[in-house]
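Novice: Supplied in structure tokens, the structure appears directly below.
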Amino acid sequence: MPPVIEKELCQGCGTCEDSCLLDVIYMNEKENQPFIKYPEECWHCGSCRQDCPEGAITILFPLRIMVSAGIVPY
Amino acid sequence: MNEEHFQTDLLIIGGGVAGLNAAITARESGQNVLIMDKAVIERSGHTAGGIDHFLAYLDTGPAWDTREAYLELTARSARGATDISVVEKVYCDELKGAIHRFDNIGCTLRTTDGTFFRTQSYGQPGPWYINFNGKRMKPLLSKAAREAGCRVLDRVVTGDLLVRNGEICGAAGFHIREGTFYVIHSKAVVLATGGTNRLYQNPTGLSFNCWMCPANTGDGEAMAFRAGARLANVEYLRMSVVPRGFSAAGLNALVGMGAKLVNGRGEEFMERYDPLGMQGPRYKLVQGVLGELKAHRGPVYIDCRHLDPEAMSHLVTTLGYDKDTLPDYFEQKNLDLTKDLMEIATSEGMQGGPSELCGSGIKINEECATNVPGLFAAGNSADQCRCLHLAVTSGIHAGRMASTYVKEKAKPAPLPDQQVKEIRDRLFATIEGAGSVSWKEFEDVLQRTLTEGMGPVRSAWGMDKAWKNLDLIEKWKDQVKVHDYHDLCRVQEVYNMITVARCMISAALFRKESRFGQCHYRLDFPETDDSKWLGQVTISRDQNGQPLPDFLPLNYD
């Protein structure tokens, strides 16, 4: 789950939802909090973090990026 | 389902760098402009999170810093793919204006003391890459477009172009969350939808962990093809060298600042693959890495430890401009470039132009126009353009040329009502289907097919097999399962990628030679043959909707 949103800092402004070019981040209208709906479709571009006015977002790389294993296919 | 109709002079599809530059230019010349993007334009397209380099000659005096030098390298490095008369118009003639555009939007290419920080890589005769802080380039460009009065439809993905009597008159698409169907009636369309990037398997198994933007899935190329436009240079496979596991941009910054590739024995090896060594073209760096890995001399690393503290400090900063999260990757991997070697690998494949100076996709002429009246293309979706420098200049040029076309046209061709209905029916037919195959499964078999048959080593039988696999995949289309409009957008992306894949295979089978190293290497025709193949393979659509290859010679005398 690459973008991690710290609930205590988030003010629910929804900026990150608009910053995500892959439609990964959605607002939960009831809780007024964003959530990561499609974690595997994140490009790790960092737009959400750059635009968050509260500095509530960190990027945490998933296991498949941190442990790179397998043969180069060619 | 809701339906909305808009009318405009000029419709821009894709609000990335090329699209927004086209929009601003057309608006400045008085046209009514509407931009449609499947994301929100402030952070859409390949440069959403930032970029750090813009390629330019600046006429400062030396022979390497001139138009002639740029055209000479373009002709040499993209020989057989680049059309120099088009490059002169879409890049050289617009370059000064492009640099001004950066100043105008408040995203200067200059350092704080007013000079340019320039670096050299990929066979350039001098330091052509201007390093700059482009982290806010997209929001600033978007602000300028909105303030200029361009209307914007965010989160609307285009399904198809509208054509009446062979002439473009708009496009139709849908909102990727609400499903509203949009019909745009326009006098002309500029396609600026980027390249085709999720076509091949990603070494990590994460399809969206790709070097170039995963939202760019050949939508423009596929739509243009369906509308009767020609494509060119689509046989070429593009790859890069990336940190192992994280397919991030940044190679030009590393090479430009003097980093070296070394193998598992600690040897620098690039001289074995190119006389320019680390300064060779990108595809040669890829070739070098693949060669060392195949010879079991891996792992392969990037070594920056010899850089002086000032160069290192600039490098780390600029890497974060190009890929905002790369410093996080270093931190989470516990990598210190001043002390550690960084393991690298080749990236996933993609369909892309053979060099930094030449693209692939929709074939454009000197006016950024296609062979279909009213249809223009710019940026990475156009056959002569790639990278930021050509995205900006071709965007400006397409906006200018499309404006001229629009001004001469009193009104758009009437809406093709039957086609609008067909697009709506086709797009929404799957939303309530009872199938069981997700877009991810379609994408997965597509990526496996191309990785197996259309990689850096090709042969007629392998490509025939890939083609037959696509036939099988398409037979499963009526089994597709779509949960919501986000899913529907992904399904359309995969279908567009299948179309691009067919064009790619058709062009690659047709070109019976090899060119640009592993970009198009045929085991059955391993030599480059300028006597027969110095030019572009073009693809148009035959009467049955299939790709029809043809050859267009190019002259470099």
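Residues in the structure tokens are named by chain (A, B, ... in the order shown) and by number from 1 within that chain; ligands are numbered from 1 in the order shown.
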Show me a table, sorted first by chain and then by increasing residue number, of the residues of chain B having an atom at most 8 Å from chain A, each with its shortest atom pair and the distance in Å to one decimal, counting only C-alpha atoms and written as a Markdown table.
Specialist:
| residue | atom | partner | partner_atom | distance |
| --- | --- | --- | --- | --- |
| B:Lys38 | CA | A:Leu21 | CA | 8.0 |
| B:Ala39 | CA | A:Leu21 | CA | 5.0 |
| B:Val40 | CA | A:Asp18 | CA | 6.0 |
| B:Glu42 | CA | A:Ser19 | CA | 7.0 |
| B:Arg43 | CA | A:Ser19 | CA | 5.4 |
| B:Ser44 | CA | A:Leu21 | CA | 5.2 |
| B:Gly45 | CA | A:Leu21 | CA | 7.4 |
| B:Ala48 | CA | A:Ser47 | CA | 6.7 |
| B:Gly49 | CA | A:Ser47 | CA | 4.8 |
| B:Pro203 | CA | A:Val72 | CA | 6.9 |
| B:Thr204 | CA | A:Arg64 | CA | 5.8 |
| B:Gly205 | CA | A:Arg64 | CA | 7.4 |
| B:Leu206 | CA | A:Glu40 | CA | 6.8 |
| B:Ser207 | CA | A:Glu41 | CA | 7.7 |
| B:Phe208 | CA | A:Glu41 | CA | 5.4 |
| B:Asn209 | CA | A:Trp43 | CA | 5.5 |
| B:Cys210 | CA | A:Trp43 | CA | 7.2 |
| B:Cys213 | CA | A:Trp43 | CA | 7.5 |
| B:Pro214 | CA | A:Trp43 | CA | 7.0 |
| B:Ala215 | CA | A:Leu22 | CA | 6.5 |
| B:Arg244 | CA | A:Ser68 | CA | 6.4 |
| B:Gly245 | CA | A:Ile65 | CA | 4.7 |
| B:Phe246 | CA | A:Ile65 | CA | 5.8 |
| B:Leu290 | CA | A:Tyr74 | CA | 7.2 |
| B:Lys294 | CA | A:Tyr74 | CA | 7.9 |
| B:Lys323 | CA | A:Cys45 | CA | 6.6 |
| B:Asp324 | CA | A:Gly46 | CA | 5.5 |
| B:Thr325 | CA | A:Gly46 | CA | 5.7 |
| B:Asp328 | CA | A:Ile59 | CA | 7.3 |
| B:Tyr329 | CA | A:Phe61 | CA | 7.2 |
| B:Gln332 | CA | A:Phe61 | CA | 7.8 |
| B:Lys333 | CA | A:Met66 | CA | 6.9 |
| B:Ala345 | CA | A:Val72 | CA | 7.7 |
| B:Thr346 | CA | A:Val72 | CA | 7.6 |
| B:Thr451 | CA | A:Pro73 | CA | 7.9 |
| B:Gly455 | CA | A:Tyr74 | CA | 7.7 |
| B:Pro456 | CA | A:Tyr74 | CA | 7.3 |
| B:His486 | CA | A:Asp23 | CA | 7.7 |
Novice: Using N, CA and C atoms, can you export the residues from the last selection as a JSON list (two decimals), in the first residue's frame?
Specialist:
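What ended up in again.json:
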[["chain", "number", "residue", "atom", "x", "y", "z"],
["B", 38, "LYS", "N", -8.28, 11.64, -18.60],
["B", 38, "LYS", "CA", -8.87, 10.62, -17.73],
["B", 38, "LYS", "C", -8.47, 10.81, -16.26],
["B", 39, "ALA", "N", -7.57, 11.77, -15.99],
["B", 39, "ALA", "CA", -7.28, 12.13, -14.60],
["B", 39, "ALA", "C", -7.61, 13.62, -14.44],
["B", 40, "VAL", "N", -7.16, 14.21, -13.33],
["B", 40, "VAL", "CA", -7.34, 15.65, -13.12],
["B", 40, "VAL", "C", -6.05, 16.30, -13.64],
["B", 42, "GLU", "N", -4.14, 18.75, -13.22],
["B", 42, "GLU", "CA", -3.04, 19.29, -12.40],
["B", 42, "GLU", "C", -1.93, 18.26, -12.17],
["B", 43, "ARG", "N", -2.32, 16.98, -12.12],
["B", 43, "ARG", "CA", -1.31, 15.93, -11.92],
["B", 43, "ARG", "C", -1.56, 14.76, -12.87],
["B", 44, "SER", "N", -1.74, 15.06, -14.15],
["B", 44, "SER", "CA", -1.95, 13.95, -15.08],
["B", 44, "SER", "C", -0.76, 13.81, -16.02],
["B", 45, "GLY", "N", -0.65, 12.65, -16.61],
["B", 45, "GLY", "CA", 0.39, 12.40, -17.62],
["B", 45, "GLY", "C", 1.72, 12.02, -17.02],
["B", 48, "ALA", "N", 3.51, 14.08, -14.19],
["B", 48, "ALA", "CA", 2.64, 14.44, -13.06],
["B", 48, "ALA", "C", 3.42, 14.78, -11.79],
["B", 49, "GLY", "N", 4.30, 13.88, -11.39],
["B", 49, "GLY", "CA", 5.00, 14.06, -10.12],
["B", 49, "GLY", "C", 6.26, 14.90, -10.24],
["B", 203, "PRO", "N", 9.02, -6.83, -14.35],
["B", 203, "PRO", "CA", 9.82, -7.82, -13.62],
["B", 203, "PRO", "C", 9.39, -8.01, -12.16],
["B", 204, "THR", "N", 8.73, -7.03, -11.55],
["B", 204, "THR", "CA", 8.31, -7.19, -10.15],
["B", 204, "THR", "C", 6.94, -7.84, -10.03],
["B", 205, "GLY", "N", 6.24, -7.99, -11.16],
["B", 205, "GLY", "CA", 4.87, -8.50, -11.07],
["B", 205, "GLY", "C", 3.86, -7.40, -10.79],
["B", 206, "LEU", "N", 4.34, -6.17, -10.62],
["B", 206, "LEU", "CA", 3.44, -5.04, -10.41],
["B", 206, "LEU", "C", 3.33, -4.26, -11.72],
["B", 207, "SER", "N", 2.23, -4.43, -12.40],
["B", 207, "SER", "CA", 2.09, -3.85, -13.74],
["B", 207, "SER", "C", 2.26, -2.33, -13.76],
["B", 208, "PHE", "N", 1.81, -1.68, -12.69],
["B", 208, "PHE", "CA", 1.84, -0.21, -12.67],
["B", 208, "PHE", "C", 3.18, 0.35, -12.19],
["B", 209, "ASN", "N", 4.10, -0.53, -11.83],
["B", 209, "ASN", "CA", 5.45, -0.11, -11.43],
["B", 209, "ASN", "C", 6.28, 0.03, -12.70],
["B", 210, "CYS", "N", 5.88, 0.95, -13.59],
["B", 210, "CYS", "CA", 6.60, 1.01, -14.85],
["B", 210, "CYS", "C", 7.38, 2.32, -15.00],
["B", 213, "CYS", "N", 4.67, 6.48, -17.67],
["B", 213, "CYS", "CA", 3.38, 6.57, -16.98],
["B", 213, "CYS", "C", 2.43, 5.42, -17.30],
["B", 214, "PRO", "N", 1.95, 4.69, -16.27],
["B", 214, "PRO", "CA", 1.06, 3.56, -16.53],
["B", 214, "PRO", "C", -0.34, 3.96, -17.02],
["B", 215, "ALA", "N", -0.67, 5.26, -16.93],
["B", 215, "ALA", "CA", -1.97, 5.70, -17.46],
["B", 215, "ALA", "C", -1.91, 5.82, -18.99],
["B", 244, "ARG", "N", 16.99, -1.84, -9.56],
["B", 244, "ARG", "CA", 16.33, -3.14, -9.58],
["B", 244, "ARG", "C", 15.13, -3.14, -8.62],
["B", 245, "GLY", "N", 13.98, -3.47, -9.16],
["B", 245, "GLY", "CA", 12.76, -3.53, -8.36],
["B", 245, "GLY", "C", 11.89, -2.30, -8.50],
["B", 246, "PHE", "N", 12.51, -1.14, -8.69],
["B", 246, "PHE", "CA", 11.73, 0.09, -8.79],
["B", 246, "PHE", "C", 11.98, 0.69, -10.17],
["B", 290, "LEU", "N", 21.92, -6.22, -20.35],
["B", 290, "LEU", "CA", 21.41, -7.55, -20.73],
["B", 290, "LEU", "C", 22.57, -8.50, -21.04],
["B", 294, "LYS", "N", 23.32, -11.94, -19.13],
["B", 294, "LYS", "CA", 23.25, -13.21, -19.88],
["B", 294, "LYS", "C", 24.55, -14.00, -19.75],
["B", 323, "LYS", "N", 11.98, 11.79, -10.24],
["B", 323, "LYS", "CA", 11.08, 10.80, -9.64],
["B", 323, "LYS", "C", 11.01, 11.14, -8.15],
["B", 324, "ASP", "N", 9.92, 11.75, -7.79],
["B", 324, "ASP", "CA", 9.77, 12.30, -6.44],
["B", 324, "ASP", "C", 10.08, 11.28, -5.33],
["B", 325, "THR", "N", 9.74, 10.01, -5.57],
["B", 325, "THR", "CA", 9.87, 9.03, -4.50],
["B", 325, "THR", "C", 11.17, 8.23, -4.55],
["B", 328, "ASP", "N", 13.03, 8.18, -1.37],
["B", 328, "ASP", "CA", 12.39, 7.29, -0.38],
["B", 328, "ASP", "C", 12.82, 5.84, -0.60],
["B", 329, "TYR", "N", 12.93, 5.50, -1.88],
["B", 329, "TYR", "CA", 13.37, 4.13, -2.22],
["B", 329, "TYR", "C", 14.79, 3.92, -1.67],
["B", 332, "GLN", "N", 14.50, 3.56, 2.13],
["B", 332, "GLN", "CA", 13.90, 2.30, 2.59],
["B", 332, "GLN", "C", 14.75, 1.10, 2.23],
["B", 333, "LYS", "N", 15.58, 1.24, 1.19],
["B", 333, "LYS", "CA", 16.51, 0.17, 0.81],
["B", 333, "LYS", "C", 17.82, 0.30, 1.58],
["B", 345, "ALA", "N", 18.70, -3.00, -13.13],
["B", 345, "ALA", "CA", 18.25, -4.04, -14.06],
["B", 345, "ALA", "C", 17.63, -3.34, -15.26],
["B", 346, "THR", "N", 17.32, -4.12, -16.27],
["B", 346, "THR", "CA", 16.58, -3.52, -17.39],
["B", 346, "THR", "C", 15.12, -3.39, -16.96],
["B", 451, "THR", "N", 5.81, -10.20, -24.10],
["B", 451, "THR", "CA", 7.12, -10.45, -23.51],
["B", 451, "THR", "C", 7.75, -11.68, -24.15],
["B", 455, "GLY", "N", 9.87, -9.48, -27.74],
["B", 455, "GLY", "CA", 10.94, -8.93, -26.90],
["B", 455, "GLY", "C", 12.13, -8.48, -27.71],
["B", 456, "PRO", "N", 13.32, -8.43, -27.08],
["B", 456, "PRO", "CA", 14.52, -7.95, -27.77],
["B", 456, "PRO", "C", 15.08, -8.94, -28.78],
["B", 486, "HIS", "N", -14.48, 2.72, -13.09],
["B", 486, "HIS", "CA", -13.02, 2.65, -13.00],
["B", 486, "HIS", "C", -12.54, 1.39, -13.75]]
Novice: Identify, on the basis of only C-alpha atoms, every residue whose closest approach to Gly453 of chain B does not exceed 8 Å; exclude the query and any residue fewer than 2 positions from it along the same chain; express the result as a list in words.
Specialist: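 Returned residues: Thr449, Leu450, Thr451, Gly455, Arg458, Ser459, Gly462, Met463, Lys465 and Ala466 of chain B.
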Novice: Kindly export the residues of the current selection with N, CA and C atoms, as an mmCIF file, in the first residue's frame.
Specialist:
data_model
loop_
_atom_site.group_PDB
_atom_site.id
_atom_site.type_symbol
_atom_site.label_atom_id
_atom_site.label_comp_id
_atom_site.auth_asym_id
_atom_site.auth_seq_id
_atom_site.Cartn_x
_atom_site.Cartn_y
_atom_site.Cartn_z
ATOM 1 N N THR B 449 2.149 -12.479 -23.568
ATOM 2 C CA THR B 449 2.240 -12.725 -25.009
ATOM 3 C C THR B 449 3.325 -11.859 -25.647
ATOM 4 N N LEU B 450 3.317 -10.569 -25.320
ATOM 5 C CA LEU B 450 4.311 -9.679 -25.947
ATOM 6 C C LEU B 450 5.707 -9.926 -25.390
ATOM 7 N N THR B 451 5.808 -10.197 -24.104
ATOM 8 C CA THR B 451 7.115 -10.449 -23.507
ATOM 9 C C THR B 451 7.753 -11.677 -24.154
ATOM 10 N N GLY B 455 9.874 -9.480 -27.737
ATOM 11 C CA GLY B 455 10.937 -8.933 -26.895
ATOM 12 C C GLY B 455 12.132 -8.481 -27.710
ATOM 13 N N ARG B 458 13.527 -11.306 -31.805
ATOM 14 C CA ARG B 458 12.274 -11.620 -32.499
ATOM 15 C C ARG B 458 12.516 -12.553 -33.668
ATOM 16 N N SER B 459 11.475 -13.285 -34.007
ATOM 17 C CA SER B 459 11.539 -14.124 -35.211
ATOM 18 C C SER B 459 10.131 -14.238 -35.755
ATOM 19 N N GLY B 462 7.861 -16.617 -33.755
ATOM 20 C CA GLY B 462 7.494 -16.091 -32.433
ATOM 21 C C GLY B 462 6.436 -15.003 -32.543
ATOM 22 N N MET B 463 6.578 -14.184 -33.566
ATOM 23 C CA MET B 463 5.605 -13.099 -33.742
ATOM 24 C C MET B 463 4.271 -13.637 -34.251
ATOM 25 N N LYS B 465 3.084 -16.486 -33.465
ATOM 26 C CA LYS B 465 2.459 -17.092 -32.282
ATOM 27 C C LYS B 465 1.808 -16.006 -31.427
ATOM 28 N N ALA B 466 2.508 -14.882 -31.271
ATOM 29 C CA ALA B 466 1.943 -13.772 -30.491
ATOM 30 C C ALA B 466 0.641 -13.284 -31.129
#
Novice: Apply DSSP to the backbone of this structure and, from chain A, keep only the residues in strand (DSSP E); write these as a PyMOL selection string.
Specialist: chain A and resi 3-5+25-28+33-36+57-59
Novice: The selected residues should be written to file as a short mmCIF file (atom, residue, chain, number, x, y, z; two decimals), in the first residue's frame (atoms: C-alpha atoms).
Specialist:
data_model
loop_
_atom_site.label_atom_id
_atom_site.label_comp_id
_atom_site.auth_asym_id
_atom_site.auth_seq_id
_atom_site.Cartn_x
_atom_site.Cartn_y
_atom_site.Cartn_z
CA PRO A 3 0.73 6.04 0.07
CA VAL A 4 0.10 5.83 3.80
CA ILE A 5 -2.22 8.50 5.18
CA ILE A 25 -7.24 7.37 -3.82
CA TYR A 26 -10.92 7.86 -2.90
CA MET A 27 -12.64 9.88 -0.18
CA ASN A 28 -14.78 8.07 2.35
CA GLN A 33 -11.08 10.57 5.19
CA PRO A 34 -9.27 9.37 2.06
CA PHE A 35 -8.48 5.69 1.55
CA ILE A 36 -6.40 3.69 -0.91
CA ILE A 57 1.20 11.26 3.46
CA THR A 58 4.26 9.03 3.38
CA ILE A 59 5.24 6.58 0.64
#
Novice: Please provide as a VMD selection string all residues within 10 Å of Arg282 of chain B, with the sequence filter that same-chain residues fewer than 5 positions apart are discarded (counting only C-alpha atoms).
Specialist: chain B and resid 121 to 123 238 to 241 251 to 252 255 287 to 288 354 to 356
Novice: Apply DSSP to the backbone of this structure and, from segment 9-72 of chain A, keep only the residues in helix (DSSP H, G or I); write these as a list in words.
Specialist: Thr15, Cys16, Glu17, Asp18, Ser19, Pro39, Glu40, Glu41, Ser47, Cys48, Arg49, Gln50, Asp51, Leu63, Arg64, Ile65 and Met66 of chain A
Novice: Give me a file of those residues, with C-alpha atoms, as an mmCIF file, in the first residue's frame.
Specialist:
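Output contents, as saved in part11.cif:
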data_model
loop_
_atom_site.group_PDB
_atom_site.id
_atom_site.type_symbol
_atom_site.label_atom_id
_atom_site.label_comp_id
_atom_site.auth_asym_id
_atom_site.auth_seq_id
_atom_site.Cartn_x
_atom_site.Cartn_y
_atom_site.Cartn_z
ATOM 1 C CA THR A 15 -6.594 17.123 -2.378
ATOM 2 C CA CYS A 16 -4.848 13.738 -2.611
ATOM 3 C CA GLU A 17 -7.873 12.235 -4.325
ATOM 4 C CA ASP A 18 -7.536 14.799 -7.153
ATOM 5 C CA SER A 19 -3.731 14.512 -7.279
ATOM 6 C CA PRO A 39 -3.079 -0.072 -4.068
ATOM 7 C CA GLU A 40 -1.698 -2.167 -6.943
ATOM 8 C CA GLU A 41 -2.397 0.654 -9.410
ATOM 9 C CA SER A 47 1.987 13.658 -6.402
ATOM 10 C CA CYS A 48 -0.377 13.003 -3.469
ATOM 11 C CA ARG A 49 2.389 13.542 -0.948
ATOM 12 C CA GLN A 50 3.677 16.692 -2.639
ATOM 13 C CA ASP A 51 0.205 18.231 -2.710
ATOM 14 C CA LEU A 63 7.299 -5.993 -0.667
ATOM 15 C CA ARG A 64 7.516 -6.773 -4.388
ATOM 16 C CA ILE A 65 9.604 -3.644 -4.938
ATOM 17 C CA MET A 66 11.705 -3.964 -1.789
#
